[in-house]
$ cat target11.txt   # compact mmCIF, C-alpha atoms and all ligand atoms
# COMPACT_ATOMS: atom_id res chain seq x y z
CA MET G 1 27.19 -11.25 -10.09
CA VAL G 2 24.72 -9.16 -12.06
CA THR G 3 23.29 -10.34 -15.38
CA GLY G 4 22.06 -7.78 -17.88
CA ALA G 5 24.53 -5.31 -16.42
CA SER G 6 25.15 -3.34 -19.62
CA SER G 7 22.18 -0.97 -19.16
CA GLY G 8 19.16 0.00 -17.11
CA ILE G 9 18.38 -1.77 -13.84
CA GLY G 10 21.37 -4.13 -14.09
CA ALA G 11 23.91 -1.35 -14.56
CA ALA G 12 22.41 0.67 -11.70
CA THR G 13 22.38 -2.40 -9.45
CA ALA G 14 26.02 -3.19 -10.18
CA ARG G 15 26.92 0.42 -9.29
CA ALA G 16 24.89 0.32 -6.09
CA LEU G 17 26.35 -3.01 -4.93
CA ALA G 18 29.88 -1.83 -5.69
CA ALA G 19 29.21 1.37 -3.74
CA GLU G 20 28.35 -0.90 -0.77
CA GLY G 21 31.78 -2.50 -1.16
CA ALA G 22 30.89 -5.61 -3.14
CA ASP G 23 33.16 -6.80 -5.93
CA VAL G 24 30.86 -7.14 -8.94
CA ALA G 25 30.96 -9.51 -11.92
CA LEU G 26 29.12 -8.07 -14.92
CA ILE G 27 27.39 -10.25 -17.52
CA ALA G 28 25.69 -9.09 -20.74
CA ARG G 29 26.32 -9.35 -24.49
CA ARG G 30 27.47 -5.76 -25.20
CA GLN G 31 31.11 -5.81 -24.20
CA SER G 32 31.81 -2.10 -24.71
CA GLN G 33 29.00 -1.05 -22.35
CA LEU G 34 30.22 -3.52 -19.74
CA SER G 35 33.78 -2.19 -20.01
CA GLN G 36 32.62 1.42 -19.64
CA LEU G 37 30.60 0.52 -16.57
CA ALA G 38 33.49 -1.43 -15.05
CA ASP G 39 35.85 1.51 -15.63
CA SER G 40 33.48 3.92 -13.96
CA ILE G 41 32.86 1.58 -11.00
CA ASN G 42 36.59 1.00 -10.60
CA GLY G 43 37.14 4.75 -10.42
CA GLN G 44 34.59 5.11 -7.58
CA GLY G 45 36.64 3.57 -4.78
CA GLY G 46 34.13 0.87 -3.77
CA GLY G 47 34.09 -2.78 -4.83
CA TYR G 48 36.00 -3.91 -7.92
CA ALA G 49 34.15 -4.67 -11.20
CA ARG G 50 35.09 -7.34 -13.75
CA CYS G 51 33.41 -8.10 -17.09
CA TYR G 52 32.26 -11.52 -18.31
CA PRO G 53 30.57 -10.94 -21.67
CA ALA G 54 28.07 -13.74 -22.33
CA ASP G 55 24.64 -14.44 -23.72
CA VAL G 56 22.45 -15.84 -20.94
CA THR G 57 20.65 -18.09 -23.42
CA ASP G 58 23.92 -19.99 -23.99
CA ALA G 59 24.16 -22.39 -21.03
CA ASP G 60 27.81 -23.32 -21.63
CA ALA G 61 28.92 -19.70 -21.98
CA VAL G 62 27.07 -18.76 -18.80
CA ARG G 63 28.62 -21.62 -16.82
CA THR G 64 32.09 -20.68 -18.04
CA ALA G 65 31.53 -17.02 -17.14
CA ILE G 66 30.20 -17.86 -13.68
CA ASP G 67 32.98 -20.32 -12.88
CA GLU G 68 35.62 -17.83 -14.07
CA ALA G 69 34.04 -15.05 -12.03
CA ALA G 70 33.96 -17.25 -8.94
CA ALA G 71 37.65 -18.10 -9.39
CA ASP G 72 38.60 -14.44 -9.97
CA CYS G 73 36.51 -13.06 -7.09
CA GLY G 74 37.01 -15.84 -4.55
CA GLY G 75 33.41 -17.03 -4.84
CA ILE G 76 29.95 -15.73 -5.63
CA ASP G 77 27.62 -14.88 -2.78
CA ILE G 78 25.04 -12.76 -4.62
CA LEU G 79 23.43 -13.49 -7.98
CA ILE G 80 21.11 -10.88 -9.49
CA ASN G 81 19.14 -12.52 -12.30
CA ASN G 82 18.27 -9.35 -14.17
CA ALA G 83 18.88 -9.91 -17.92
CA GLY G 84 15.56 -9.63 -19.68
CA SER G 85 13.85 -8.67 -22.85
CA GLY G 86 10.36 -8.71 -24.19
CA THR G 87 7.85 -8.83 -26.94
CA TRP G 88 4.38 -7.41 -26.60
CA GLY G 89 1.36 -7.32 -28.90
CA PRO G 90 -1.65 -9.28 -30.11
CA ALA G 91 -1.20 -13.05 -30.26
CA MET G 92 -3.05 -13.20 -33.57
CA THR G 93 -0.34 -11.26 -35.41
CA ALA G 94 2.68 -12.27 -33.32
CA ASP G 95 5.88 -13.62 -34.78
CA LEU G 96 6.44 -16.99 -33.11
CA ALA G 97 10.22 -16.38 -33.17
CA ASP G 98 9.71 -13.31 -30.94
CA TRP G 99 7.80 -15.43 -28.41
CA HIS G 100 10.56 -18.02 -28.35
CA ALA G 101 13.24 -15.33 -27.99
CA THR G 102 11.44 -13.85 -24.98
CA VAL G 103 11.16 -17.25 -23.31
CA GLU G 104 14.84 -17.94 -24.05
CA VAL G 105 16.09 -14.78 -22.31
CA ASN G 106 13.55 -14.29 -19.51
CA LEU G 107 13.08 -17.92 -18.47
CA THR G 108 15.82 -20.13 -19.94
CA GLY G 109 18.40 -17.43 -19.18
CA VAL G 110 17.35 -17.40 -15.52
CA LEU G 111 17.53 -21.20 -15.40
CA ASN G 112 20.99 -21.19 -17.00
CA THR G 113 22.48 -18.65 -14.60
CA THR G 114 20.77 -20.08 -11.53
CA HIS G 115 21.88 -23.65 -12.27
CA ALA G 116 25.48 -22.56 -12.81
CA ALA G 117 25.57 -20.27 -9.76
CA LEU G 118 23.82 -22.43 -7.17
CA PRO G 119 26.86 -24.46 -6.07
CA HIS G 120 28.81 -21.21 -5.60
CA LEU G 121 25.96 -19.61 -3.65
CA CYS G 122 25.59 -22.63 -1.36
CA ARG G 123 29.34 -22.67 -0.72
CA ALA G 124 29.32 -18.95 0.07
CA ALA G 125 26.34 -19.29 2.42
CA ALA G 126 28.15 -22.00 4.35
CA ASN G 127 31.54 -20.31 4.50
CA SER G 128 31.19 -16.54 4.30
CA ASP G 129 31.11 -14.09 7.19
CA ARG G 130 27.66 -12.92 6.09
CA GLY G 131 26.24 -16.36 6.90
CA VAL G 132 23.87 -16.13 3.92
CA ALA G 133 23.99 -15.87 0.14
CA ASP G 134 21.41 -14.15 -2.07
CA LEU G 135 19.70 -15.09 -5.31
CA VAL G 136 17.54 -12.18 -6.46
CA THR G 137 15.51 -12.38 -9.65
CA ILE G 138 14.13 -9.26 -11.28
CA SER G 139 10.62 -10.25 -12.25
CA SER G 140 7.94 -7.63 -12.90
CA ILE G 141 4.51 -6.48 -11.94
CA ALA G 142 3.70 -8.71 -14.93
CA GLY G 143 4.86 -11.66 -12.83
CA ARG G 144 2.09 -10.99 -10.32
CA LYS G 145 -0.80 -10.01 -12.58
CA ILE G 146 -1.56 -9.59 -16.28
CA PRO G 147 -1.20 -5.87 -17.04
CA GLY G 148 -3.01 -6.25 -20.36
CA ALA G 149 -3.66 -8.75 -23.13
CA HIS G 150 -0.61 -7.52 -25.07
CA SER G 151 1.69 -8.64 -22.25
CA ASN G 152 0.89 -12.31 -23.00
CA VAL G 153 4.31 -13.99 -23.38
CA TYR G 154 6.24 -11.43 -21.32
CA ALA G 155 3.81 -11.97 -18.43
CA ALA G 156 4.03 -15.74 -18.89
CA THR G 157 7.83 -15.67 -18.52
CA LYS G 158 7.68 -13.44 -15.46
CA HIS G 159 5.01 -15.63 -13.81
CA ALA G 160 7.29 -18.60 -14.55
CA VAL G 161 10.32 -17.07 -12.82
CA CYS G 162 8.10 -16.18 -9.83
CA ALA G 163 7.03 -19.82 -9.52
CA PHE G 164 10.60 -21.05 -9.97
CA THR G 165 11.93 -18.64 -7.34
CA GLU G 166 9.31 -19.61 -4.77
CA ALA G 167 10.17 -23.28 -5.24
CA LEU G 168 13.87 -22.44 -4.86
CA ARG G 169 13.09 -20.43 -1.74
CA GLN G 170 11.46 -23.47 -0.16
CA GLU G 171 14.28 -25.80 -1.18
CA LEU G 172 17.15 -23.51 -0.21
CA ALA G 173 15.90 -22.07 3.09
CA GLY G 174 17.93 -24.59 5.10
CA THR G 175 21.11 -23.80 3.17
CA HIS G 176 20.82 -20.08 3.99
CA VAL G 177 20.63 -19.09 0.32
CA ARG G 178 17.86 -16.46 0.30
CA ALA G 179 15.84 -16.61 -2.94
CA GLY G 180 13.90 -13.43 -3.55
CA LEU G 181 11.99 -11.52 -6.19
CA VAL G 182 11.91 -7.85 -7.06
CA GLU G 183 8.88 -6.93 -9.14
CA PRO G 184 9.19 -3.47 -10.71
CA GLY G 185 6.40 -1.46 -12.21
CA LEU G 186 7.31 0.97 -14.98
CA VAL G 187 11.01 1.93 -14.94
CA VAL G 188 12.70 4.31 -17.38
CA THR G 189 15.19 2.05 -19.24
CA GLU G 190 15.99 1.03 -22.82
CA LEU G 191 13.24 -1.58 -22.54
CA THR G 192 10.55 1.04 -22.07
CA THR G 193 11.89 3.98 -24.05
CA SER G 194 13.14 2.44 -27.28
CA GLY G 195 9.74 2.59 -28.95
CA ARG G 196 9.17 -1.16 -29.30
CA ARG G 197 5.67 -1.77 -30.59
CA HIS G 198 3.14 -2.31 -27.77
CA ALA G 199 5.92 -2.22 -25.16
CA PRO G 200 5.23 -0.46 -21.85
CA ASP G 201 6.02 3.20 -22.55
CA ALA G 202 8.06 5.21 -20.07
CA THR G 203 8.61 8.23 -22.31
CA HIS G 204 5.88 10.39 -20.71
CA PRO G 205 6.93 11.90 -17.39
CA THR G 206 4.21 12.30 -14.78
CA GLY G 207 3.91 14.79 -11.94
CA TYR G 208 5.24 12.22 -9.47
CA GLY G 209 7.76 10.79 -11.90
CA LEU G 210 8.42 7.25 -13.04
CA LEU G 211 10.81 4.82 -11.43
CA GLN G 212 14.46 5.20 -12.36
CA PRO G 213 16.85 2.21 -12.49
CA GLU G 214 18.45 3.49 -9.28
CA ASP G 215 15.15 3.04 -7.44
CA ILE G 216 15.22 -0.69 -8.19
CA ALA G 217 18.96 -0.86 -7.49
CA HIS G 218 18.34 0.57 -4.00
CA THR G 219 15.60 -2.00 -3.45
CA VAL G 220 17.93 -4.85 -4.43
CA THR G 221 20.71 -3.47 -2.24
CA PHE G 222 18.35 -3.19 0.73
CA MET G 223 17.23 -6.78 0.16
CA VAL G 224 20.71 -8.30 0.15
CA THR G 225 22.00 -6.28 3.09
CA ARG G 226 19.44 -7.53 5.62
CA PRO G 227 20.78 -9.43 8.65
CA SER G 228 21.23 -13.16 8.07
CA HIS G 229 18.00 -14.13 9.88
CA VAL G 230 15.84 -11.81 7.70
CA ALA G 231 14.77 -12.83 4.18
CA LEU G 232 12.87 -10.34 2.04
CA ASN G 233 11.25 -12.80 -0.35
CA GLU G 234 9.24 -10.53 -2.62
CA LEU G 235 9.19 -6.77 -3.19
CA LEU G 236 6.74 -5.14 -5.60
CA VAL G 237 7.79 -1.58 -6.47
CA ARG G 238 5.55 0.73 -8.50
CA PRO G 239 5.77 4.41 -9.38
CA THR G 240 3.41 6.16 -6.99
CA GLU G 241 0.93 6.99 -9.74
CA GLN G 242 0.86 3.56 -11.42
CA THR G 243 -2.56 2.01 -10.97
CA ILE G 244 -2.28 -1.42 -12.65
N1 LIG G 301 11.91 -1.28 -17.36
C1 LIG G 301 10.81 -1.71 -16.77
O1 LIG G 301 9.79 -1.01 -16.72
C2 LIG G 301 10.79 -3.07 -16.14
C3 LIG G 301 9.68 -3.41 -15.36
C4 LIG G 301 9.63 -4.66 -14.78
C5 LIG G 301 10.67 -5.54 -14.94
N2 LIG G 301 11.74 -5.21 -15.71
C6 LIG G 301 12.80 -6.21 -15.86
O2 LIG G 301 14.03 -5.63 -15.50
C7 LIG G 301 15.09 -6.34 -16.12
C8 LIG G 301 16.09 -5.35 -16.71
O3 LIG G 301 15.48 -4.64 -17.75
P1 LIG G 301 15.68 -3.08 -18.00
O4 LIG G 301 14.36 -2.46 -17.85
O5 LIG G 301 16.82 -2.57 -17.21
O6 LIG G 301 16.00 -3.05 -19.56
P2 LIG G 301 17.34 -2.84 -20.40
O7 LIG G 301 17.98 -1.55 -20.09
O8 LIG G 301 16.94 -3.13 -21.81
O9 LIG G 301 18.30 -3.99 -19.85
C9 LIG G 301 18.19 -5.32 -20.24
C10 LIG G 301 19.54 -5.98 -19.95
O10 LIG G 301 19.43 -7.38 -20.26
C11 LIG G 301 20.53 -7.74 -21.06
N3 LIG G 301 20.21 -8.85 -21.94
C12 LIG G 301 19.16 -8.96 -22.79
N4 LIG G 301 19.24 -10.13 -23.45
C13 LIG G 301 20.36 -10.75 -22.99
C14 LIG G 301 20.98 -11.98 -23.31
N5 LIG G 301 20.48 -12.82 -24.21
N6 LIG G 301 22.13 -12.31 -22.65
C15 LIG G 301 22.66 -11.46 -21.74
N7 LIG G 301 22.10 -10.30 -21.39
C16 LIG G 301 20.98 -9.95 -22.03
C17 LIG G 301 20.88 -6.47 -21.87
O11 LIG G 301 22.25 -6.50 -22.22
P3 LIG G 301 22.84 -6.82 -23.68
O12 LIG G 301 21.86 -6.32 -24.69
O13 LIG G 301 24.15 -6.09 -23.66
O14 LIG G 301 23.03 -8.30 -23.71
C18 LIG G 301 20.65 -5.41 -20.82
O15 LIG G 301 21.81 -5.24 -20.02
C19 LIG G 301 14.44 -7.26 -17.14
O16 LIG G 301 14.37 -8.57 -16.61
C20 LIG G 301 13.04 -6.68 -17.28
O17 LIG G 301 12.10 -7.66 -17.68
C21 LIG G 301 11.84 -3.99 -16.31
$ encode --input "target11.txt" --output "structure tokens" --more "lines below"
Ligand SMILES: NC(=O)c1ccc[n+]([C@@H]2O[C@H](COP(=O)([O-])OP(=O)(O)OC[C@H]3O[C@@H](n4cnc5c(N)ncnc54)[C@H](OP(=O)(O)O)[C@@H]3O)[C@@H](O)[C@H]2O)c1
Amino acid sequence: MVTGASSGIGAATARALAAEGADVALIARRQSQLSQLADSINGQGGGYARCYPADVTDADAVRTAIDEAAADCGGIDILINNAGSGTWGPAMTADLADWHATVEVNLTGVLNTTHAALPHLCRAAANSDRGVADLVTISSIAGRKIPGAHSNVYAATKHAVCAFTEALRQELAGTHVRAGLVEPGLVVTELTTSGRRHAPDATHPTGYGLLQPEDIAHTVTFMVTRPSHVALNELLVRPTEQTI
């Protein structure tokens, strides 16, 4: 199951997992993008894609989507908590509603999906041939450090999901649910190219190039395809030239 699968890192990750043979359940709000992605995955000859349009900030909708996906797919053994959004800019002039919206998607959304998926993940870890299940959360370099004052609330949400994931890792180790974090630097996606004020800007190519969604998708795929005794808990991935 991949949240935020309608664009960017989520869409690329769903493609990559399906190419490895996984059936993928796609969650996001934009139904038409999800359907297009599912059609293209289903024409590839790998795993089968199904759409579960939902807003991750709506706990009931998320639980319904996850339970339906588990019933349709015969369980859920990988959850990629990827849906995310952001607001950046000076605190002094910020709109409080934007702060709340960022917390709702980046933190509450992760809590909603994780809470609903955990019983399925634990069941899969106990019963599947893989012998493990995976819960991967897409945090950010901003979950490890503060890339600038304007990243205030975005960085706070990403630090929060890092803390939450580490606590989960400790709790779930014995159940063989591997809880891990992927922390991208600057990736070319809608988030970084749509011209949001003060947002990280990925519209200027460099000699080395910026990260593409596929780079993070490959990282996630590598993480969840390790042997059952190996847990990659945290992977920080920057473009070669990124200094902060
Ligand atoms: N791009 C970067 O440089 C970068 C760096 C570090 C970390 N990240 C993280 O990577 C993740 C993916 O972002 P991206 O860069 O790929 O940006 P993106 O292309 O804008 O993708 C964001 C995804 O999240 C979904 N989403 C947003 N709000 C949602 C909601 N309330 N309910 C359900 N889905 C929601 C969007 O789908 P809908 O609009 O269809 O709902 C979309 O599929 C985010 O967690 C982001 O913080 C990105």
$ residues_near_ligand --input "target11.txt" --ligand "ligand LIG 301 (chain G)" --cutoff "6 Å" --atoms "only C-alpha atoms and all ligand atoms" --output "ChimeraX atom specification"
/G:4-10,28-30,54-57,82-85,105,138-140,184-192
$ atom_distance --input "target11.txt" --atom1 "atom CA of Val2 of chain G" --atom2 "atom CA of Val62 of chain G"
12.0 Å
$ atom_distance --input "target11.txt" --atom1 "atom CA of Gly143 of chain G" --atom2 "atom CA of Gly174 of chain G"
25.7 Å
$ residues_near_point --input "target11.txt" --point "(35.5, -4.5, -13.6)" --cutoff "8 Å" --atoms "all atoms listed in the file" --output "list of chain:residue names"
G:Val24, G:Ala25, G:Leu26, G:Ser35, G:Leu37, G:Ala38, G:Asp39, G:Ile41, G:Asn42, G:Tyr48, G:Ala49, G:Arg50, G:Cys51
$ closest_residue --input "target11.txt" --among "G:Ala133, G:Ala101, G:Arg178, G:Thr93" --to "His150 of chain G" --atoms "all atoms listed in the file"
G:Thr93
$ atom_distance --input "target11.txt" --atom1 "atom CA of Trp99 of chain G" --atom2 "atom CA of Ala142 of chain G"
15.6 Å
$ closest_residue --input "target11.txt" --among "G:Ala116, G:Ile66, G:Val153, G:Ala71" --to "Leu96 of chain G" --atoms "all atoms listed in the file"
G:Val153
$ decode --input "target11.txt" --residues "segment 146-207 of chain G" --atoms "C-alpha atoms" --output "short mmCIF file (atom, residue, chain, number, x, y, z; two decimals), in the first residue's frame"
data_model
loop_
_atom_site.label_atom_id
_atom_site.label_comp_id
_atom_site.auth_asym_id
_atom_site.auth_seq_id
_atom_site.Cartn_x
_atom_site.Cartn_y
_atom_site.Cartn_z
CA ILE G 146 16.55 22.19 10.08
CA PRO G 147 17.39 23.21 6.50
CA GLY G 148 16.47 26.84 7.18
CA ALA G 149 14.20 28.97 9.34
CA HIS G 150 11.46 28.90 6.68
CA SER G 151 11.14 25.13 7.06
CA ASN G 152 9.70 25.57 10.58
CA VAL G 153 6.45 23.55 10.57
CA TYR G 154 7.43 21.22 7.71
CA ALA G 155 10.61 20.30 9.62
CA ALA G 156 8.62 19.88 12.83
CA THR G 157 6.28 17.35 11.19
CA LYS G 158 9.16 15.42 9.65
CA HIS G 159 11.06 15.32 12.97
CA ALA G 160 7.84 14.04 14.55
CA VAL G 161 7.44 11.15 12.10
CA CYS G 162 11.12 10.27 12.64
CA ALA G 163 10.53 10.03 16.40
CA PHE G 164 7.32 8.06 15.91
CA THR G 165 9.00 5.62 13.52
CA GLU G 166 11.93 4.98 15.84
CA ALA G 167 9.54 4.21 18.69
CA LEU G 168 7.60 1.86 16.39
CA ARG G 169 10.84 0.20 15.34
CA GLN G 170 11.65 -0.59 18.96
CA GLU G 171 8.15 -1.86 19.70
CA LEU G 172 7.72 -3.93 16.54
CA ALA G 173 11.15 -5.54 16.22
CA GLY G 174 9.94 -8.75 17.86
CA THR G 175 6.94 -8.98 15.54
CA HIS G 176 9.17 -8.82 12.44
CA VAL G 177 7.50 -5.65 11.16
CA ARG G 178 10.46 -3.54 10.00
CA ALA G 179 9.83 0.18 10.59
CA GLY G 180 12.10 2.36 8.50
CA LEU G 181 12.60 5.90 7.28
CA VAL G 182 13.65 7.26 3.92
CA GLU G 183 14.84 10.84 4.13
CA PRO G 184 15.12 12.49 0.70
CA GLY G 185 16.95 15.67 -0.09
CA LEU G 186 15.67 17.73 -3.01
CA VAL G 187 13.57 15.67 -5.45
CA VAL G 188 11.93 16.99 -8.62
CA THR G 189 8.18 16.60 -7.91
CA GLU G 190 5.06 18.76 -7.80
CA LEU G 191 6.01 19.72 -4.25
CA THR G 192 9.21 21.39 -5.37
CA THR G 193 8.32 22.67 -8.83
CA SER G 194 4.89 24.21 -8.41
CA GLY G 195 6.26 27.56 -7.30
CA ARG G 196 4.88 27.53 -3.75
CA ARG G 197 6.24 30.52 -1.86
CA HIS G 198 9.44 29.70 0.07
CA ALA G 199 9.15 26.01 -0.88
CA PRO G 200 12.35 24.12 -1.72
CA ASP G 201 12.91 24.83 -5.42
CA ALA G 202 13.85 22.01 -7.78
CA THR G 203 13.37 23.97 -11.00
CA HIS G 204 17.09 24.70 -11.55
CA PRO G 205 19.01 21.72 -12.92
CA THR G 206 22.60 21.34 -11.78
CA GLY G 207 25.55 19.71 -13.51
#
